[in-house]
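Pasting model37.pdb here (PDB, C-alpha atoms):
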ATOM      1  CA  VAL A   1       1.507 -12.202  18.960
ATOM      2  CA  LEU A   2       4.287 -10.909  16.752
ATOM      3  CA  PRO A   3       7.640 -10.434  18.550
ATOM      4  CA  ILE A   4       8.786  -6.796  18.639
ATOM      5  CA  SER A   5      12.110  -7.891  17.134
ATOM      6  CA  TYR A   6      10.171  -8.729  13.953
ATOM      7  CA  CYS A   7       8.875  -5.148  13.768
ATOM      8  CA  ILE A   8      12.316  -3.693  14.443
ATOM      9  CA  HIS A   9      13.816  -5.808  11.660
ATOM     10  CA  ALA A  10      10.943  -4.760   9.407
ATOM     11  CA  MET A  11      11.531  -1.061   9.993
ATOM     12  CA  ARG A  12      15.286  -1.320   9.421
ATOM     13  CA  THR A  13      14.972  -3.455   6.294
ATOM     14  CA  LEU A  14      12.149  -1.561   4.641
ATOM     15  CA  SER A  15      13.492   1.889   5.558
ATOM     16  CA  ALA A  16      16.779   1.039   3.837
ATOM     17  CA  ALA A  17      14.891  -0.449   0.902
ATOM     18  CA  LEU A  18      12.698   2.627   0.541
ATOM     19  CA  LEU A  19      15.644   4.998   0.512
ATOM     20  CA  PHE A  20      17.535   2.829  -1.974
ATOM     21  CA  ALA A  21      14.532   2.553  -4.254
ATOM     22  CA  MET A  22      13.880   6.291  -4.125
ATOM     23  CA  ALA A  23      17.433   7.173  -5.037
ATOM     24  CA  ALA A  24      17.977   4.418  -7.582
ATOM     25  CA  HIS A  25      14.814   4.605  -9.615
ATOM     26  CA  ALA A  26      12.933   7.795  -8.842
ATOM     27  CA  ASN A  27      10.409   7.650 -11.666
ATOM     28  CA  ALA A  28       9.366   4.058 -11.014
ATOM     29  CA  PHE A  29       9.193   4.763  -7.297
ATOM     30  CA  ALA A  30       7.008   7.815  -7.826
ATOM     31  CA  SER A  31       4.507   5.798  -9.851
ATOM     32  CA  LEU A  32       4.718   3.010  -7.309
ATOM     33  CA  VAL A  33       3.665   5.125  -4.343
ATOM     34  CA  SER A  34       1.033   7.131  -6.204
ATOM     35  CA  SER A  35      -1.610   4.521  -5.378
ATOM     36  CA  PRO A  36      -1.061   2.880  -1.935
ATOM     37  CA  PRO A  37      -0.652   0.209  -0.686
ATOM     38  CA  LEU A  38       3.033   0.069  -1.429
ATOM     39  CA  LEU A  39       3.783  -2.793  -3.832
ATOM     40  CA  LEU A  40       7.345  -3.307  -2.681
ATOM     41  CA  ARG A  41       8.865  -6.764  -2.537
ATOM     42  CA  ALA A  42      10.847  -6.801   0.687
ATOM     43  CA  SER A  43      12.521 -10.090  -0.211
ATOM     44  CA  GLN A  44      13.964  -8.520  -3.344
ATOM     45  CA  LEU A  45      15.170  -5.429  -1.532
ATOM     46  CA  SER A  46      16.486  -7.033   1.646
ATOM     47  CA  LYS A  47      20.067  -6.701   0.448
ATOM     48  CA  ALA A  48      19.659  -2.935   0.440
ATOM     49  CA  SER A  49      20.230  -2.929   4.194
ATOM     50  CA  SER A  50      23.819  -4.088   3.677
ATOM     51  CA  ILE A  51      24.875  -1.921   0.759
ATOM     52  CA  SER A  52      28.639  -1.882   0.366
ATOM     53  CA  LYS A  53      30.937  -0.931  -2.488
ATOM     54  CA  THR A  54      28.910  -2.954  -4.967
ATOM     55  CA  PHE A  55      25.236  -2.104  -5.015
ATOM     56  CA  PRO A  56      22.688  -4.879  -5.530
ATOM     57  CA  ARG A  57      20.390  -4.564  -8.497
ATOM     58  CA  PRO A  58      16.941  -5.681  -7.320
ATOM     59  CA  THR A  59      13.655  -5.017  -9.055
ATOM     60  CA  ILE A  60      10.548  -3.295  -7.834
ATOM     61  CA  ARG A  61       7.011  -4.141  -8.807
ATOM     62  CA  VAL A  62       5.253  -1.336 -10.612
ATOM     63  CA  ARG A  63       1.934  -1.154 -12.366
ATOM     64  CA  GLY A  64       2.280  -3.427 -15.401
ATOM     65  CA  GLY A  65       5.384  -5.390 -14.456
ATOM     66  CA  TYR A  66       8.797  -5.070 -12.866
ATOM     67  CA  ALA A  67      11.348  -2.301 -13.238
ATOM     68  CA  PRO A  68      15.077  -2.924 -12.720
ATOM     69  CA  MET A  69      16.928  -0.589 -10.407
ATOM     70  CA  THR A  70      20.527   0.366 -11.020
ATOM     71  CA  MET A  71      22.845   2.654  -9.164
ATOM     72  CA  ALA A  72      26.517   3.401  -9.704
ATOM     73  CA  ALA A  73      28.940   2.509  -6.956
ATOM     74  CA  PRO A  74      30.370   5.451  -4.957
ATOM     75  CA  SER A  75      33.422   7.152  -6.352
ATOM     76  CA  ALA A  76      35.653  10.036  -5.398
ATOM     77  CA  ALA A  77      33.385  12.373  -7.340
ATOM     78  CA  SER A  78      30.132  11.012  -5.924
ATOM     79  CA  PRO A  79      27.741  13.030  -3.738
ATOM     80  CA  GLY A  80      29.125  11.098  -0.769
ATOM     81  CA  THR A  81      32.245  13.254  -0.784
ATOM     82  CA  THR A  82      32.531  16.666   0.860
ATOM     83  CA  MET A  83      32.151  19.554  -1.543
ATOM     84  CA  LYS A  84      32.102  23.276  -0.873
ATOM     85  CA  LEU A  85      29.010  24.825  -2.387
ATOM     86  CA  THR A  86      29.481  27.883  -4.532
ATOM     87  CA  PRO A  87      26.909  29.457  -6.877
ATOM     88  CA  GLU A  88      28.487  27.485  -9.721
ATOM     89  CA  THR A  89      28.663  24.099  -7.959
ATOM     90  CA  ALA A  90      25.152  24.584  -6.549
ATOM     91  CA  VAL A  91      23.732  24.992 -10.055
ATOM     92  CA  LYS A  92      25.557  21.875 -11.262
ATOM     93  CA  MET A  93      24.322  19.908  -8.265
ATOM     94  CA  LEU A  94      20.711  20.959  -8.840
ATOM     95  CA  ASP A  95      20.950  20.046 -12.511
ATOM     96  CA  SER A  96      22.308  16.578 -11.730
ATOM     97  CA  VAL A  97      19.812  15.598  -9.007
ATOM     98  CA  ASP A  98      16.169  14.672  -9.623
ATOM     99  CA  VAL A  99      15.093  13.586  -6.132
ATOM    100  CA  PHE A 100      15.620  15.298  -2.787
ATOM    101  CA  ILE A 101      15.062  13.375   0.456
ATOM    102  CA  PHE A 102      14.613  15.428   3.622
ATOM    103  CA  ASP A 103      14.707  14.322   7.223
ATOM    104  CA  CYS A 104      12.060  16.116   9.285
ATOM    105  CA  ASP A 105      13.141  16.713  12.895
ATOM    106  CA  GLY A 106      15.881  19.331  12.912
ATOM    107  CA  VAL A 107      15.743  19.765   9.132
ATOM    108  CA  ILE A 108      12.201  20.896   8.322
ATOM    109  CA  TRP A 109      11.150  21.810  11.829
ATOM    110  CA  LYS A 110      12.512  22.045  15.347
ATOM    111  CA  GLY A 111       9.873  21.044  17.848
ATOM    112  CA  ASP A 112       6.760  22.849  16.678
ATOM    113  CA  SER A 113       8.637  25.639  14.898
ATOM    114  CA  LEU A 114       9.382  25.743  11.183
ATOM    115  CA  ILE A 115      13.056  26.240  10.389
ATOM    116  CA  PRO A 116      13.584  29.527   8.512
ATOM    117  CA  GLY A 117      14.122  29.222   4.767
ATOM    118  CA  VAL A 118      12.444  25.833   4.389
ATOM    119  CA  PRO A 119       9.332  27.042   2.508
ATOM    120  CA  GLU A 120      11.438  28.954   0.003
ATOM    121  CA  VAL A 121      13.742  25.986  -0.619
ATOM    122  CA  LEU A 122      10.870  23.560  -1.159
ATOM    123  CA  GLU A 123       9.091  26.014  -3.449
ATOM    124  CA  LYS A 124      12.177  26.469  -5.617
ATOM    125  CA  LEU A 125      12.787  22.716  -5.841
ATOM    126  CA  ARG A 126       9.202  22.036  -6.880
ATOM    127  CA  ALA A 127       9.338  24.870  -9.414
ATOM    128  CA  ALA A 128      12.441  23.200 -10.874
ATOM    129  CA  GLY A 129      10.519  19.943 -11.309
ATOM    130  CA  LYS A 130      12.320  18.045  -8.561
ATOM    131  CA  LYS A 131      10.701  15.181  -6.664
ATOM    132  CA  ILE A 132      10.672  15.616  -2.900
ATOM    133  CA  PHE A 133      10.241  13.037  -0.143
ATOM    134  CA  PHE A 134      10.257  13.408   3.633
ATOM    135  CA  VAL A 135      11.519  10.580   5.851
ATOM    136  CA  THR A 136      11.591  10.144   9.605
ATOM    137  CA  ASN A 137      12.317   7.347  12.047
ATOM    138  CA  ASN A 138       9.876   8.896  14.531
ATOM    139  CA  SER A 139       6.940   6.478  14.704
ATOM    140  CA  THR A 140       4.772   8.519  17.087
ATOM    141  CA  LYS A 141       2.742   9.757  14.116
ATOM    142  CA  SER A 142       1.272   8.106  11.038
ATOM    143  CA  ARG A 143       1.441   9.675   7.580
ATOM    144  CA  LYS A 144      -1.899  11.313   8.386
ATOM    145  CA  GLY A 145      -0.426  12.739  11.578
ATOM    146  CA  TYR A 146       2.637  14.085   9.796
ATOM    147  CA  LYS A 147       0.448  15.537   7.047
ATOM    148  CA  ALA A 148      -1.408  17.474   9.771
ATOM    149  CA  LYS A 149       1.896  18.763  11.147
ATOM    150  CA  PHE A 150       3.079  19.899   7.726
ATOM    151  CA  ASP A 151      -0.266  21.664   7.263
ATOM    152  CA  SER A 152       0.040  23.385  10.640
ATOM    153  CA  LEU A 153       3.402  24.775   9.558
ATOM    154  CA  GLY A 154       1.983  26.068   6.281
ATOM    155  CA  LEU A 155       3.726  23.470   4.088
ATOM    156  CA  ASN A 156       1.788  21.841   1.260
ATOM    157  CA  VAL A 157       3.010  18.236   1.309
ATOM    158  CA  ASN A 158       1.229  15.217  -0.171
ATOM    159  CA  PRO A 159       0.790  12.132   2.063
ATOM    160  CA  GLU A 160       2.506  10.059  -0.666
ATOM    161  CA  GLU A 161       5.658  12.121  -0.083
ATOM    162  CA  ILE A 162       5.859  11.178   3.602
ATOM    163  CA  PHE A 163       7.674   8.037   4.785
ATOM    164  CA  SER A 164       7.777   7.311   8.516
ATOM    165  CA  SER A 165       8.988   4.224  10.347
ATOM    166  CA  SER A 166       5.373   3.525  11.353
ATOM    167  CA  PHE A 167       4.428   3.339   7.672
ATOM    168  CA  ALA A 168       7.527   1.245   6.909
ATOM    169  CA  ALA A 169       6.525  -1.331   9.521
ATOM    170  CA  ALA A 170       2.958  -1.509   8.179
ATOM    171  CA  ALA A 171       4.148  -1.793   4.580
ATOM    172  CA  TYR A 172       6.479  -4.621   5.534
ATOM    173  CA  LEU A 173       3.662  -6.549   7.217
ATOM    174  CA  GLU A 174       1.468  -5.924   4.185
ATOM    175  CA  GLN A 175       4.053  -7.319   1.804
ATOM    176  CA  THR A 176       4.853 -10.366   3.938
ATOM    177  CA  LYS A 177       1.105 -11.150   4.150
ATOM    178  CA  PHE A 178       1.201 -11.146   7.933
ATOM    179  CA  LYS A 179      -2.577 -10.717   8.134
ATOM    180  CA  GLU A 180      -3.043 -14.169   6.593
ATOM    181  CA  THR A 181      -1.294 -15.795   9.577
ATOM    182  CA  GLY A 182      -4.236 -14.888  11.821
ATOM    183  CA  LYS A 183      -1.868 -13.502  14.462
ATOM    184  CA  LYS A 184      -1.799 -10.121  16.180
ATOM    185  CA  VAL A 185       0.953  -7.534  16.489
ATOM    186  CA  TYR A 186       1.921  -6.381  19.973
ATOM    187  CA  ILE A 187       2.773  -2.709  19.641
ATOM    188  CA  ILE A 188       5.429  -1.181  21.858
ATOM    189  CA  GLY A 189       4.903   2.339  20.642
ATOM    190  CA  GLU A 190       2.335   5.060  20.102
ATOM    191  CA  ARG A 191      -0.576   6.114  17.929
ATOM    192  CA  GLY A 192       1.369   6.355  14.672
ATOM    193  CA  ILE A 193       1.918   2.599  14.436
ATOM    194  CA  GLN A 194      -1.668   1.888  15.493
ATOM    195  CA  GLU A 195      -3.110   4.121  12.760
ATOM    196  CA  GLU A 196      -0.926   2.629  10.035
ATOM    197  CA  LEU A 197      -1.827  -0.944  11.019
ATOM    198  CA  ASP A 198      -5.511  -0.006  11.086
ATOM    199  CA  LEU A 199      -5.234   1.197   7.488
ATOM    200  CA  ILE A 200      -4.210  -2.275   6.331
ATOM    201  CA  ASN A 201      -6.554  -4.075   8.773
ATOM    202  CA  VAL A 202      -3.807  -5.834  10.698
ATOM    203  CA  PRO A 203      -5.023  -6.707  14.217
ATOM    204  CA  TRP A 204      -2.924  -5.449  17.090
ATOM    205  CA  THR A 205      -2.806  -5.155  20.850
ATOM    206  CA  GLY A 206      -0.757  -3.071  23.257
ATOM    207  CA  GLY A 207       0.220   0.410  22.143
ATOM    208  CA  GLU A 208      -1.135   3.410  24.019
ATOM    209  CA  SER A 209      -3.587   1.271  25.984
ATOM    210  CA  ASP A 210      -0.670  -0.454  27.726
ATOM    211  CA  LYS A 211       1.469   2.604  28.431
ATOM    212  CA  SER A 212       0.495   2.733  32.108
ATOM    213  CA  LYS A 213       1.068  -0.967  32.744
ATOM    214  CA  THR A 214       4.038  -2.164  34.769
ATOM    215  CA  ILE A 215       5.814  -5.500  35.162
ATOM    216  CA  GLU A 216       4.915  -7.192  38.411
TER     217      GLU A 216
END
Full structure transcribed into structure tokens:
Amino acid sequence: VLPISYCIHAMRTLSAALLFAMAAHANAFASLVSSPPLLLRASQLSKASSISKTFPRPTIRVRGGYAPMTMAAPSAASPGTTMKLTPETAVKMLDSVDVFIFDCDGVIWKGDSLIPGVPEVLEKLRAAGKKIFFVTNNSTKSRKGYKAKFDSLGLNVNPEEIFSSSFAAAAYLEQTKFKETGKKVYIIGERGIQEELDLINVPWTGGESDKSKTIE
């Protein structure tokens, strides 16, 4: 049985790696995720979880070889600084950014209600040719589950644009060839993790079937 600490480390490491890869090399990342499973080398991106002033320059595996990723270190004029948006600065910002990453809870929706203005913003970004990704650390749903929620809110989102912590954990196990160990994962969580592990045929126990159990 796989210790839960392994899964927690997996989610933290791969989530950071995914965000770094998306921001640092958007085109390569887009081609990478177009045909799951995710061919991401966690060992090469592990340093992404401790990004400091100097960014590491790992590579990601894409169809046909490896693509280097580069990203400039933060500066006073970087997007990390506070800037008041005006019509002029907004246009400059849109022109300089190719990828937009959205959190979901409290950004796209609140509970089961769509936040006003979201459809219009997403439509304008897509019309401008921008790449859009949605990330969440809520593992209660799989990508399929989140796709259903986007659909219920009237938002046309592709599954390849959705990155949840449940998917991050499954992708990490896929890349570390956990299935070949012959062990099982003990899930302390809900259906989202179960569905993602089922997609890559990783055996598991626990999950929702153990939610009513208590320690004696």
Practice task
Give me the residues within 8 Å of Asp98 (chain A) as JSON, numbers by chain, counting all atoms listed in the file and dropping any in the same chain fewer than 2 places off.
Solution key: {"A": [26, 94, 95, 96, 100, 129, 130, 131]}
Problem - Atomic separation - CA of Lys144 (chain A) relative to CA of Val202 (chain A), Å - result: 17.4 Å
Problem - Spatial neighbours of Asn137 (chain A), 8 Å, all atoms listed in the file, chain gap at least 2 places, as JSON, numbers by chain - result: {"A": [135, 139, 164, 165, 166]}
Using only C-alpha atoms, please write the residues we just selected to a file, as a PDB file, in the frame of the given file.
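After the write, result33.pdb holds the following:
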ATOM      1  CA  VAL A 135      11.519  10.580   5.851  1.00  0.00           C
ATOM      2  CA  SER A 139       6.940   6.478  14.704  1.00  0.00           C
ATOM      3  CA  SER A 164       7.777   7.311   8.516  1.00  0.00           C
ATOM      4  CA  SER A 165       8.988   4.224  10.347  1.00  0.00           C
ATOM      5  CA  SER A 166       5.373   3.525  11.353  1.00  0.00           C
TER       6      SER A 166
END
Handout entry: Pairwise distance for CA of Asn156 (chain A) and CA of Leu173 (chain A), rounded to one decimal in Å
Key =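 CA of Asn156 (chain A) sits 29.1 Å away from CA of Leu173 (chain A).
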Practice task
Give me the residues within 8 Å of Glu161 (chain A) as a PyMOL selection string, counting all atoms listed in the file and dropping any in the same chain fewer than 3 places off.
Solution key: chain A and resi 132-134+157-158
Practice task
Name every residue that the PyMOL selection byres ((chain A and resi 199) around 12) selects in this structure, writing the answer as number ranges by chain with chains first and numbers rising.
Solution key: A: 36-37, 142-144, 166-167, 170-171, 173-174, 192-198, 200-204
Can you write out the residues you just picked, keeping C-alpha atoms, as an mmCIF file, in the coordinates of the input?
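The file below, part_32.cif, is the result:
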data_model
loop_
_atom_site.group_PDB
_atom_site.id
_atom_site.type_symbol
_atom_site.label_atom_id
_atom_site.label_comp_id
_atom_site.auth_asym_id
_atom_site.auth_seq_id
_atom_site.Cartn_x
_atom_site.Cartn_y
_atom_site.Cartn_z
ATOM 1 C CA PRO A 36 -1.061 2.880 -1.935
ATOM 2 C CA PRO A 37 -0.652 0.209 -0.686
ATOM 3 C CA SER A 142 1.272 8.106 11.038
ATOM 4 C CA ARG A 143 1.441 9.675 7.580
ATOM 5 C CA LYS A 144 -1.899 11.313 8.386
ATOM 6 C CA SER A 166 5.373 3.525 11.353
ATOM 7 C CA PHE A 167 4.428 3.339 7.672
ATOM 8 C CA ALA A 170 2.958 -1.509 8.179
ATOM 9 C CA ALA A 171 4.148 -1.793 4.580
ATOM 10 C CA LEU A 173 3.662 -6.549 7.217
ATOM 11 C CA GLU A 174 1.468 -5.924 4.185
ATOM 12 C CA GLY A 192 1.369 6.355 14.672
ATOM 13 C CA ILE A 193 1.918 2.599 14.436
ATOM 14 C CA GLN A 194 -1.668 1.888 15.493
ATOM 15 C CA GLU A 195 -3.110 4.121 12.760
ATOM 16 C CA GLU A 196 -0.926 2.629 10.035
ATOM 17 C CA LEU A 197 -1.827 -0.944 11.019
ATOM 18 C CA ASP A 198 -5.511 -0.006 11.086
ATOM 19 C CA ILE A 200 -4.210 -2.275 6.331
ATOM 20 C CA ASN A 201 -6.554 -4.075 8.773
ATOM 21 C CA VAL A 202 -3.807 -5.834 10.698
ATOM 22 C CA PRO A 203 -5.023 -6.707 14.217
ATOM 23 C CA TRP A 204 -2.924 -5.449 17.090
#
Fill in the blank from the handout: Among A:Leu155, A:Lys92, A:Tyr186, A:Thr86, Ile115 (chain A) is approached most closely, using only C-alpha atoms, by A:Leu155
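With CA of Thr140 (chain A) on one side and CA of Glu190 (chain A) on the other, the separation reads 5.2 Å.
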Problem - From A:Ser209, A:Thr136, A:Ala127, A:Leu122, residue lying nearest Gly106 (chain A) [all atoms listed in the file] - result: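 Ranking A:Ser209, A:Thr136, A:Ala127, A:Leu122 by distance to Gly106 (chain A), first place goes to A:Thr136.
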Exercise for the section: Extract, using all atoms listed in the file, all DNA, RNA and protein residues at most 9 Å from Ile188 (chain A), discarding same-chain residues fewer than 5 positions from it, and format them as a PyMOL selection string. Expected result: chain A and resi 4+206-208+210-211
Would you mind putting N, CA and C atoms back on region 132-148 of chain A and writing the result as a compact mmCIF listing (two decimals), keeping the file's coordinate frame?
# COMPACT_ATOMS: atom_id res chain seq x y z
N ILE A 132 10.30 15.40 -4.30
CA ILE A 132 10.67 15.62 -2.90
C ILE A 132 10.01 14.56 -2.03
N PHE A 133 10.78 13.99 -1.11
CA PHE A 133 10.24 13.04 -0.14
C PHE A 133 10.73 13.42 1.25
N PHE A 134 9.92 13.09 2.24
CA PHE A 134 10.26 13.41 3.63
C PHE A 134 10.27 12.10 4.42
N VAL A 135 11.38 11.83 5.11
CA VAL A 135 11.52 10.58 5.85
C VAL A 135 11.79 10.89 7.32
N THR A 136 11.33 9.99 8.17
CA THR A 136 11.59 10.14 9.60
C THR A 136 11.52 8.78 10.29
N ASN A 137 12.36 8.58 11.27
CA ASN A 137 12.32 7.35 12.05
C ASN A 137 11.49 7.53 13.31
N ASN A 138 10.76 8.64 13.40
CA ASN A 138 9.88 8.90 14.53
C ASN A 138 8.51 8.27 14.24
N SER A 139 8.17 7.23 14.98
CA SER A 139 6.94 6.48 14.70
C SER A 139 5.75 6.94 15.53
N THR A 140 5.88 8.06 16.24
CA THR A 140 4.77 8.52 17.09
C THR A 140 3.58 9.00 16.27
N LYS A 141 3.82 9.31 14.99
CA LYS A 141 2.74 9.76 14.12
C LYS A 141 2.66 8.86 12.88
N SER A 142 1.47 8.77 12.32
CA SER A 142 1.27 8.11 11.04
C SER A 142 1.49 9.13 9.94
N ARG A 143 1.34 8.71 8.68
CA ARG A 143 1.44 9.68 7.58
C ARG A 143 0.37 10.74 7.72
N LYS A 144 -0.82 10.35 8.17
CA LYS A 144 -1.90 11.31 8.39
C LYS A 144 -1.50 12.33 9.45
N GLY A 145 -0.87 11.84 10.52
CA GLY A 145 -0.43 12.74 11.58
C GLY A 145 0.65 13.71 11.12
N TYR A 146 1.59 13.20 10.31
CA TYR A 146 2.64 14.08 9.80
C TYR A 146 2.08 15.07 8.77
N LYS A 147 1.10 14.62 7.99
CA LYS A 147 0.45 15.54 7.05
C LYS A 147 -0.16 16.71 7.81
N ALA A 148 -0.81 16.42 8.95
CA ALA A 148 -1.41 17.47 9.77
C ALA A 148 -0.34 18.43 10.30
